[in-house]
Each structure stands twice: as C-alpha cells, then as structure tokens.
>>> print(open('target.pdb').read())   # PDB, C-alpha atoms and all ligand atoms
ATOM      1  CA  MET A   1      71.638 144.018 -24.246  1.00  0.00           C
ATOM      2  CA  LYS A   2      70.982 140.448 -25.346  1.00  0.00           C
ATOM      3  CA  GLY A   3      72.931 137.772 -23.502  1.00  0.00           C
ATOM      4  CA  ASP A   4      74.000 134.334 -24.655  1.00  0.00           C
ATOM      5  CA  PRO A   5      71.243 131.826 -23.656  1.00  0.00           C
ATOM      6  CA  LYS A   6      73.785 129.386 -22.219  1.00  0.00           C
ATOM      7  CA  VAL A   7      75.316 132.134 -20.077  1.00  0.00           C
ATOM      8  CA  VAL A   8      71.886 133.196 -18.809  1.00  0.00           C
ATOM      9  CA  ALA A   9      71.021 129.548 -18.031  1.00  0.00           C
ATOM     10  CA  GLY A  10      74.307 129.187 -16.133  1.00  0.00           C
ATOM     11  CA  LEU A  11      73.615 132.340 -14.124  1.00  0.00           C
ATOM     12  CA  ASN A  12      70.123 131.078 -13.316  1.00  0.00           C
ATOM     13  CA  GLU A  13      71.437 127.724 -12.137  1.00  0.00           C
ATOM     14  CA  TYR A  14      73.919 129.471  -9.863  1.00  0.00           C
ATOM     15  CA  LEU A  15      71.057 131.639  -8.572  1.00  0.00           C
ATOM     16  CA  SER A  16      69.333 128.393  -7.522  1.00  0.00           C
ATOM     17  CA  PHE A  17      72.435 127.404  -5.515  1.00  0.00           C
ATOM     18  CA  GLU A  18      72.552 130.865  -3.896  1.00  0.00           C
ATOM     19  CA  LEU A  19      68.962 130.871  -2.740  1.00  0.00           C
ATOM     20  CA  THR A  20      69.152 127.277  -1.533  1.00  0.00           C
ATOM     21  CA  GLY A  21      72.353 128.098   0.376  1.00  0.00           C
ATOM     22  CA  HIS A  22      70.859 131.283   1.819  1.00  0.00           C
ATOM     23  CA  ARG A  23      67.961 129.331   3.359  1.00  0.00           C
ATOM     24  CA  GLN A  24      70.033 126.345   4.458  1.00  0.00           C
ATOM     25  CA  TYR A  25      72.673 128.464   6.288  1.00  0.00           C
ATOM     26  CA  LEU A  26      69.973 130.666   7.822  1.00  0.00           C
ATOM     27  CA  LEU A  27      68.296 127.561   9.223  1.00  0.00           C
ATOM     28  CA  HIS A  28      71.613 126.158  10.482  1.00  0.00           C
ATOM     29  CA  ALA A  29      72.416 129.535  12.114  1.00  0.00           C
ATOM     30  CA  GLY A  30      69.069 129.499  13.913  1.00  0.00           C
ATOM     31  CA  MET A  31      69.582 125.932  15.129  1.00  0.00           C
ATOM     32  CA  CYS A  32      73.142 126.673  16.334  1.00  0.00           C
ATOM     33  CA  ARG A  33      71.903 129.745  18.207  1.00  0.00           C
ATOM     34  CA  HIS A  34      69.127 127.684  19.784  1.00  0.00           C
ATOM     35  CA  TRP A  35      71.695 125.100  20.940  1.00  0.00           C
ATOM     36  CA  GLY A  36      73.918 127.860  22.360  1.00  0.00           C
ATOM     37  CA  TRP A  37      76.729 127.669  19.780  1.00  0.00           C
ATOM     38  CA  GLN A  38      76.902 131.434  19.307  1.00  0.00           C
ATOM     39  CA  ARG A  39      80.182 131.572  17.395  1.00  0.00           C
ATOM     40  CA  LEU A  40      79.017 129.084  14.797  1.00  0.00           C
ATOM     41  CA  ALA A  41      75.607 130.789  14.554  1.00  0.00           C
ATOM     42  CA  GLY A  42      77.304 134.103  13.750  1.00  0.00           C
ATOM     43  CA  ILE A  43      79.415 132.542  11.010  1.00  0.00           C
ATOM     44  CA  GLN A  44      76.431 130.718   9.461  1.00  0.00           C
ATOM     45  CA  ASP A  45      74.477 134.002   9.507  1.00  0.00           C
ATOM     46  CA  ALA A  46      77.340 135.688   7.657  1.00  0.00           C
ATOM     47  CA  TYR A  47      77.402 132.949   4.986  1.00  0.00           C
ATOM     48  CA  SER A  48      73.636 133.221   4.595  1.00  0.00           C
ATOM     49  CA  ALA A  49      73.994 136.979   4.090  1.00  0.00           C
ATOM     50  CA  GLU A  50      76.849 136.416   1.615  1.00  0.00           C
ATOM     51  CA  GLU A  51      74.607 134.199  -0.542  1.00  0.00           C
ATOM     52  CA  THR A  52      71.902 136.896  -0.479  1.00  0.00           C
ATOM     53  CA  GLN A  53      74.432 139.418  -1.776  1.00  0.00           C
ATOM     54  CA  HIS A  54      75.625 136.968  -4.438  1.00  0.00           C
ATOM     55  CA  ALA A  55      72.008 136.308  -5.476  1.00  0.00           C
ATOM     56  CA  ALA A  56      71.277 140.041  -5.812  1.00  0.00           C
ATOM     57  CA  ARG A  57      74.277 140.522  -8.112  1.00  0.00           C
ATOM     58  CA  ILE A  58      73.373 137.489 -10.235  1.00  0.00           C
ATOM     59  CA  ILE A  59      69.759 138.722 -10.602  1.00  0.00           C
ATOM     60  CA  THR A  60      71.028 142.141 -11.729  1.00  0.00           C
ATOM     61  CA  ARG A  61      73.281 140.503 -14.338  1.00  0.00           C
ATOM     62  CA  ILE A  62      70.540 138.189 -15.685  1.00  0.00           C
ATOM     63  CA  LEU A  63      68.210 141.173 -16.137  1.00  0.00           C
ATOM     64  CA  MET A  64      70.953 143.210 -17.799  1.00  0.00           C
ATOM     65  CA  LEU A  65      71.373 140.373 -20.318  1.00  0.00           C
ATOM     66  CA  GLY A  66      67.638 140.488 -21.105  1.00  0.00           C
ATOM     67  CA  GLY A  67      66.947 137.226 -19.279  1.00  0.00           C
ATOM     68  CA  SER A  68      64.441 136.331 -16.576  1.00  0.00           C
ATOM     69  CA  PRO A  69      65.643 135.305 -13.127  1.00  0.00           C
ATOM     70  CA  ALA A  70      64.102 131.836 -12.689  1.00  0.00           C
ATOM     71  CA  PRO A  71      65.660 129.973  -9.766  1.00  0.00           C
ATOM     72  CA  ARG A  72      64.511 126.405  -9.171  1.00  0.00           C
ATOM     73  CA  GLU A  73      64.257 124.444  -5.947  1.00  0.00           C
ATOM     74  CA  LEU A  74      67.415 122.364  -5.572  1.00  0.00           C
ATOM     75  CA  ARG A  75      66.352 120.495  -2.448  1.00  0.00           C
ATOM     76  CA  THR A  76      63.885 120.613   0.383  1.00  0.00           C
ATOM     77  CA  ILE A  77      65.496 122.605   3.152  1.00  0.00           C
ATOM     78  CA  ALA A  78      65.581 120.579   6.330  1.00  0.00           C
ATOM     79  CA  GLY A  79      68.216 121.523   8.875  1.00  0.00           C
ATOM     80  CA  ALA A  80      70.665 118.760   9.761  1.00  0.00           C
ATOM     81  CA  PRO A  81      70.195 117.628  13.392  1.00  0.00           C
ATOM     82  CA  THR A  82      73.850 117.910  14.532  1.00  0.00           C
ATOM     83  CA  VAL A  83      76.723 120.319  13.874  1.00  0.00           C
ATOM     84  CA  PRO A  84      78.895 117.753  11.983  1.00  0.00           C
ATOM     85  CA  GLU A  85      75.889 116.850   9.797  1.00  0.00           C
ATOM     86  CA  GLN A  86      75.224 120.552   9.149  1.00  0.00           C
ATOM     87  CA  LEU A  87      78.821 121.035   8.031  1.00  0.00           C
ATOM     88  CA  ALA A  88      78.597 117.943   5.776  1.00  0.00           C
ATOM     89  CA  LEU A  89      75.298 119.087   4.218  1.00  0.00           C
ATOM     90  CA  ASP A  90      76.714 122.567   3.591  1.00  0.00           C
ATOM     91  CA  ARG A  91      79.868 121.077   2.078  1.00  0.00           C
ATOM     92  CA  GLU A  92      77.816 119.001  -0.342  1.00  0.00           C
ATOM     93  CA  LEU A  93      75.981 122.113  -1.562  1.00  0.00           C
ATOM     94  CA  VAL A  94      79.083 124.327  -1.822  1.00  0.00           C
ATOM     95  CA  ALA A  95      81.085 121.615  -3.642  1.00  0.00           C
ATOM     96  CA  ALA A  96      78.259 121.174  -6.174  1.00  0.00           C
ATOM     97  CA  ALA A  97      78.060 124.957  -6.634  1.00  0.00           C
ATOM     98  CA  ILE A  98      81.797 125.095  -7.412  1.00  0.00           C
ATOM     99  CA  VAL A  99      81.512 122.324 -10.028  1.00  0.00           C
ATOM    100  CA  HIS A 100      78.666 124.274 -11.641  1.00  0.00           C
ATOM    101  CA  LEU A 101      80.546 127.594 -11.454  1.00  0.00           C
ATOM    102  CA  ARG A 102      83.639 126.205 -13.197  1.00  0.00           C
ATOM    103  CA  ALA A 103      81.518 124.999 -16.129  1.00  0.00           C
ATOM    104  CA  ALA A 104      79.592 128.294 -16.219  1.00  0.00           C
ATOM    105  CA  VAL A 105      82.834 130.329 -16.288  1.00  0.00           C
ATOM    106  CA  ALA A 106      83.954 128.276 -19.314  1.00  0.00           C
ATOM    107  CA  ASP A 107      80.612 128.944 -21.040  1.00  0.00           C
ATOM    108  CA  CYS A 108      81.050 132.699 -20.438  1.00  0.00           C
ATOM    109  CA  GLU A 109      84.543 132.526 -21.920  1.00  0.00           C
ATOM    110  CA  GLN A 110      83.244 130.742 -25.013  1.00  0.00           C
ATOM    111  CA  ALA A 111      80.426 133.293 -25.435  1.00  0.00           C
ATOM    112  CA  ARG A 112      82.984 136.114 -24.893  1.00  0.00           C
ATOM    113  CA  ASP A 113      80.816 137.466 -22.093  1.00  0.00           C
ATOM    114  CA  TYR A 114      83.742 138.691 -20.025  1.00  0.00           C
ATOM    115  CA  ALA A 115      81.667 140.657 -17.514  1.00  0.00           C
ATOM    116  CA  SER A 116      79.600 137.581 -16.552  1.00  0.00           C
ATOM    117  CA  ARG A 117      82.837 135.595 -16.502  1.00  0.00           C
ATOM    118  CA  ALA A 118      84.395 138.081 -14.061  1.00  0.00           C
ATOM    119  CA  LEU A 119      81.309 137.999 -11.845  1.00  0.00           C
ATOM    120  CA  LEU A 120      81.216 134.192 -11.678  1.00  0.00           C
ATOM    121  CA  ARG A 121      84.985 134.023 -11.250  1.00  0.00           C
ATOM    122  CA  GLU A 122      84.579 136.170  -8.141  1.00  0.00           C
ATOM    123  CA  MET A 123      81.900 133.760  -6.896  1.00  0.00           C
ATOM    124  CA  VAL A 124      84.370 130.856  -7.332  1.00  0.00           C
ATOM    125  CA  ASP A 125      86.756 132.677  -4.958  1.00  0.00           C
ATOM    126  CA  ASP A 126      84.028 133.111  -2.342  1.00  0.00           C
ATOM    127  CA  GLU A 127      82.771 129.522  -2.608  1.00  0.00           C
ATOM    128  CA  GLU A 128      86.288 128.063  -2.447  1.00  0.00           C
ATOM    129  CA  ARG A 129      86.854 130.098   0.720  1.00  0.00           C
ATOM    130  CA  HIS A 130      83.527 128.779   2.053  1.00  0.00           C
ATOM    131  CA  LEU A 131      84.536 125.175   1.224  1.00  0.00           C
ATOM    132  CA  HIS A 132      87.894 125.689   2.919  1.00  0.00           C
ATOM    133  CA  TRP A 133      86.176 126.943   6.077  1.00  0.00           C
ATOM    134  CA  LEU A 134      83.872 123.889   6.138  1.00  0.00           C
ATOM    135  CA  ASP A 135      86.856 121.542   5.699  1.00  0.00           C
ATOM    136  CA  THR A 136      88.824 123.354   8.436  1.00  0.00           C
ATOM    137  CA  GLU A 137      85.964 123.096  10.940  1.00  0.00           C
ATOM    138  CA  THR A 138      85.393 119.414  10.100  1.00  0.00           C
ATOM    139  CA  ALA A 139      89.121 118.697  10.509  1.00  0.00           C
ATOM    140  CA  LEU A 140      89.105 120.557  13.858  1.00  0.00           C
ATOM    141  CA  ILE A 141      86.289 118.339  15.131  1.00  0.00           C
ATOM    142  CA  GLY A 142      88.424 115.331  14.146  1.00  0.00           C
ATOM    143  CA  LYS A 143      91.474 116.721  15.943  1.00  0.00           C
ATOM    144  CA  VAL A 144      90.035 118.026  19.227  1.00  0.00           C
ATOM    145  CA  GLY A 145      86.842 115.957  19.437  1.00  0.00           C
ATOM    146  CA  LEU A 146      83.244 117.189  19.160  1.00  0.00           C
ATOM    147  CA  PRO A 147      82.696 118.170  22.841  1.00  0.00           C
ATOM    148  CA  ASN A 148      85.845 120.343  22.867  1.00  0.00           C
ATOM    149  CA  TYR A 149      84.973 121.852  19.507  1.00  0.00           C
ATOM    150  CA  LEU A 150      81.467 122.735  20.669  1.00  0.00           C
ATOM    151  CA  GLN A 151      82.759 124.243  23.890  1.00  0.00           C
ATOM    152  CA  ALA A 152      84.749 126.675  21.751  1.00  0.00           C
ATOM    153  CA  GLN A 153      81.502 127.733  20.021  1.00  0.00           C
ATOM    154  CA  LEU A 154      79.891 129.055  23.215  1.00  0.00           C
ATOM    155  CA  GLY A 155      81.378 132.553  23.201  1.00  0.00           C
TER     156      GLY A 155
HETATM  157 FE    FE B   1      77.381 132.133  -3.292  1.00  0.00          FE
HETATM  158 FE    FE B   2      78.914 130.140  -0.174  1.00  0.00          FE
END
>>> encode(input="target.pdb", output="structure tokens")
Amino acid sequence: MKGDPKVVAGLNEYLSFELTGHRQYLLHAGMCRHWGWQRLAGIQDAYSAEETQHAARIITRILMLGGSPAPRELRTIAGAPTVPEQLALDRELVAAAIVHLRAAVADCEQARDYASRALLREMVDDEERHLHWLDTETALIGKVGLPNYLQAQLG
C-alpha cells in the first residue's frame, strides 16, 4: 500500500516527538526516583512507556504505507534539575506535539487516509490527557507550595 507522502512525513515527525518524549520522561523518572519522589517517578515511567507504545504503532503504520521510519533528534536530552523545571520542559514538548498532531490529522483528512487519521486522533487524546496532568501538577505546586507537594511524592 502506497501512502500519501505528506501523511508519511507527518507520522515521521510525530515519531520524533515520541522518541524524544520517551527518553526525556525516562530520564526525569530516574532523577525523581534518585531524589526519593517515588510517586512522580512511577508516573513519569508510565508516560515514558506510553510514548514507546505510541512510537511502535506509528512505526507499524509508516511501514504499512510503504514509508521508512526516519525519526530526527528534536533536542538534546538533558534532565531538568528540579521537579517544576521537569514539568515545564515536559509541557513544552507535549504542547508542541499537540500542535503538530492537529496539523497532521488535517493532512490525513485531506489525503483521505482515515486509518492514519484515526491513529493520530487517538494520540491527540493521549497527549491532551498528558498536558492536563502536567498543568494539574504545576497548579498543585502553586496551591500547596513545593515542599508540601514533594512530601506527597514520597510514597
Ligand atoms: Fe505520544
Ligand atoms: Fe505523551
């Protein structure tokens, strides 16, 4: 099956976000665990795993369309030194991924590639949920203060 080149390019760009996110959240999980923030480490691990699953599905779709998976490096992965900075760095990446996904969904629609559209539409759901979680945690830090927030991450 031959896919639309613009659709394949859009899938590849999203693949770049997935693999960047996978590594960034994995690093943040490791740092949180090292600091003793077990709850946060567990959640970051789960987001890292989610991006791996997303990436696997995107790779399968690209290959099915006759394309080559070719992710590019979006940024050098360096873990942010504090929890609020980690949340801000993650938010930046997820927000950019959502902007890209919305454009890619429109490209799929135009190319009448409804299966790729459905796949990316599902990814929008997951990333919006991810963004909401980041915003909730950041708002919590603002409400209860960082020391209280971090104390709740111990368990
Ligand atoms: Fe994702
Ligand atoms: Fe995500």
>>> residues_near_ligand(input="target.pdb", ligand="ligand FE 2 (chain B)", cutoff="9 Å", atoms="all atoms listed in the file", output="list in words")
Phe17, Glu18, Gly21, His22, Tyr47, Ser48, Glu50, Glu51, His54, Asp90, Leu93, Val94, Ala97, Met123, Asp126, Glu127, Glu128, Arg129, His130 and Leu131 of chain A
>>> atom_distance(input="target.pdb", atom1="atom CA of A:Val83", atom2="atom CA of A:Leu150")
8.6 Å
>>> resolve_selection(input="target.pdb", expression="the PyMOL selection byres (((chain A and resi 103-120) around 9) and not hetatm)", output="PyMOL selection string")
chain A and resi 3-4+6-7+9-11+14+57-58+61+98-102+121-125
>>> resolve_selection(input="target.pdb", expression="the PyMOL selection byres (((chain A and resi 25-42) around 10) and not hetatm)", output="tab-separated table (two decimals) with C-alpha atoms, keeping the file's coordinate frame")
chain	number	residue	atom	x	y	z
A	20	THR	CA	69.15	127.28	-1.53
A	21	GLY	CA	72.35	128.10	0.38
A	22	HIS	CA	70.86	131.28	1.82
A	23	ARG	CA	67.96	129.33	3.36
A	24	GLN	CA	70.03	126.34	4.46
A	43	ILE	CA	79.42	132.54	11.01
A	44	GLN	CA	76.43	130.72	9.46
A	45	ASP	CA	74.48	134.00	9.51
A	46	ALA	CA	77.34	135.69	7.66
A	47	TYR	CA	77.40	132.95	4.99
A	48	SER	CA	73.64	133.22	4.60
A	49	ALA	CA	73.99	136.98	4.09
A	51	GLU	CA	74.61	134.20	-0.54
A	77	ILE	CA	65.50	122.60	3.15
A	78	ALA	CA	65.58	120.58	6.33
A	79	GLY	CA	68.22	121.52	8.88
A	80	ALA	CA	70.67	118.76	9.76
A	81	PRO	CA	70.19	117.63	13.39
A	82	THR	CA	73.85	117.91	14.53
A	83	VAL	CA	76.72	120.32	13.87
A	86	GLN	CA	75.22	120.55	9.15
A	87	LEU	CA	78.82	121.04	8.03
A	89	LEU	CA	75.30	119.09	4.22
A	90	ASP	CA	76.71	122.57	3.59
A	137	GLU	CA	85.96	123.10	10.94
A	150	LEU	CA	81.47	122.74	20.67
A	151	GLN	CA	82.76	124.24	23.89
A	152	ALA	CA	84.75	126.68	21.75
A	153	GLN	CA	81.50	127.73	20.02
A	154	LEU	CA	79.89	129.06	23.22
A	155	GLY	CA	81.38	132.55	23.20
>>> closest_residue(input="target.pdb", among="A:Thr52, A:Ser68, A:Leu74, A:Leu146", to="ligand FE 1 (chain B)", atoms="all atoms listed in the file")
A:Thr52
>>> closest_residue(input="target.pdb", among="A:Ala55, A:Leu134, A:Met1, A:Leu63", to="ligand FE 1 (chain B)", atoms="only C-alpha atoms and all ligand atoms")
A:Ala55
>>> closest_residue(input="target.pdb", among="A:Leu15, A:Ile62, A:Ala70, A:Ile141", to="ligand FE 1 (chain B)", atoms="only C-alpha atoms and all ligand atoms")
A:Leu15
>>> closest_residue(input="target.pdb", among="A:Met64, A:Ala139, A:Leu19, A:Ile59", to="ligand FE 1 (chain B)", atoms="all atoms listed in the file")
A:Leu19
>>> closest_residue(input="target.pdb", among="A:Gly67, A:Lys143, A:Lys2, A:Gln53", to="ligand FE 1 (chain B)", atoms="only C-alpha atoms and all ligand atoms")
A:Gln53
>>> closest_residue(input="target.pdb", among="A:Leu65, A:Ala88, A:Val8, A:Ala95", to="ligand FE 1 (chain B)", atoms="all atoms listed in the file")
A:Ala95
>>> axis_aligned_box(input="target.pdb", around="stretch 41-51 of chain A", padding_each_side="6 Å", output="JSON")
{"center_x": 76.5, "center_y": 133.8, "center_z": 7.0, "size_x": 17.8, "size_y": 18.3, "size_z": 27.1}
>>> build_atoms(input="target.pdb", residues="stretch 35-53 of chain A", atoms="N, CA and C atoms", output="mmCIF file, keeping the file's coordinate frame")
data_model
loop_
_atom_site.group_PDB
_atom_site.id
_atom_site.type_symbol
_atom_site.label_atom_id
_atom_site.label_comp_id
_atom_site.auth_asym_id
_atom_site.auth_seq_id
_atom_site.Cartn_x
_atom_site.Cartn_y
_atom_site.Cartn_z
ATOM 1 N N TRP A 35 70.900 126.048 20.145
ATOM 2 C CA TRP A 35 71.695 125.100 20.940
ATOM 3 C C TRP A 35 72.729 125.810 21.828
ATOM 4 N N GLY A 36 72.945 127.104 21.571
ATOM 5 C CA GLY A 36 73.918 127.860 22.360
ATOM 6 C C GLY A 36 75.277 128.012 21.718
ATOM 7 N N TRP A 37 75.436 127.563 20.480
ATOM 8 C CA TRP A 37 76.729 127.669 19.780
ATOM 9 C C TRP A 37 76.774 129.005 19.044
ATOM 10 N N GLN A 38 77.012 130.065 19.832
ATOM 11 C CA GLN A 38 76.902 131.434 19.307
ATOM 12 C C GLN A 38 77.906 131.743 18.201
ATOM 13 N N ARG A 39 79.150 131.251 18.383
ATOM 14 C CA ARG A 39 80.182 131.572 17.395
ATOM 15 C C ARG A 39 79.792 131.011 16.030
ATOM 16 N N LEU A 40 79.403 129.745 16.037
ATOM 17 C CA LEU A 40 79.017 129.084 14.797
ATOM 18 C C LEU A 40 77.775 129.752 14.183
ATOM 19 N N ALA A 41 76.829 130.136 15.034
ATOM 20 C CA ALA A 41 75.607 130.789 14.554
ATOM 21 C C ALA A 41 75.956 132.085 13.821
ATOM 22 N N GLY A 42 76.895 132.842 14.376
ATOM 23 C CA GLY A 42 77.304 134.103 13.750
ATOM 24 C C GLY A 42 77.932 133.877 12.382
ATOM 25 N N ILE A 43 78.749 132.824 12.288
ATOM 26 C CA ILE A 43 79.415 132.542 11.010
ATOM 27 C C ILE A 43 78.385 132.073 9.973
ATOM 28 N N GLN A 44 77.468 131.193 10.395
ATOM 29 C CA GLN A 44 76.431 130.718 9.461
ATOM 30 C C GLN A 44 75.550 131.879 8.988
ATOM 31 N N ASP A 45 75.247 132.801 9.890
ATOM 32 C CA ASP A 45 74.477 134.002 9.507
ATOM 33 C C ASP A 45 75.230 134.789 8.435
ATOM 34 N N ALA A 46 76.541 134.922 8.613
ATOM 35 C CA ALA A 46 77.340 135.688 7.657
ATOM 36 C C ALA A 46 77.354 134.990 6.287
ATOM 37 N N TYR A 47 77.443 133.664 6.270
ATOM 38 C CA TYR A 47 77.402 132.949 4.986
ATOM 39 C C TYR A 47 76.036 133.075 4.328
ATOM 40 N N SER A 48 74.983 133.047 5.136
ATOM 41 C CA SER A 48 73.636 133.221 4.595
ATOM 42 C C SER A 48 73.509 134.598 3.938
ATOM 43 N N ALA A 49 74.039 135.611 4.627
ATOM 44 C CA ALA A 49 73.994 136.979 4.090
ATOM 45 C C ALA A 49 74.843 137.092 2.824
ATOM 46 N N GLU A 50 75.986 136.375 2.805
ATOM 47 C CA GLU A 50 76.849 136.416 1.615
ATOM 48 C C GLU A 50 76.099 135.874 0.401
ATOM 49 N N GLU A 51 75.345 134.774 0.589
ATOM 50 C CA GLU A 51 74.607 134.199 -0.542
ATOM 51 C C GLU A 51 73.506 135.154 -1.011
ATOM 52 N N THR A 52 72.911 135.907 -0.085
ATOM 53 C CA THR A 52 71.902 136.896 -0.479
ATOM 54 C C THR A 52 72.535 137.960 -1.374
ATOM 55 N N GLN A 53 73.738 138.402 -0.970
ATOM 56 C CA GLN A 53 74.432 139.418 -1.776
ATOM 57 C C GLN A 53 74.821 138.856 -3.139
#
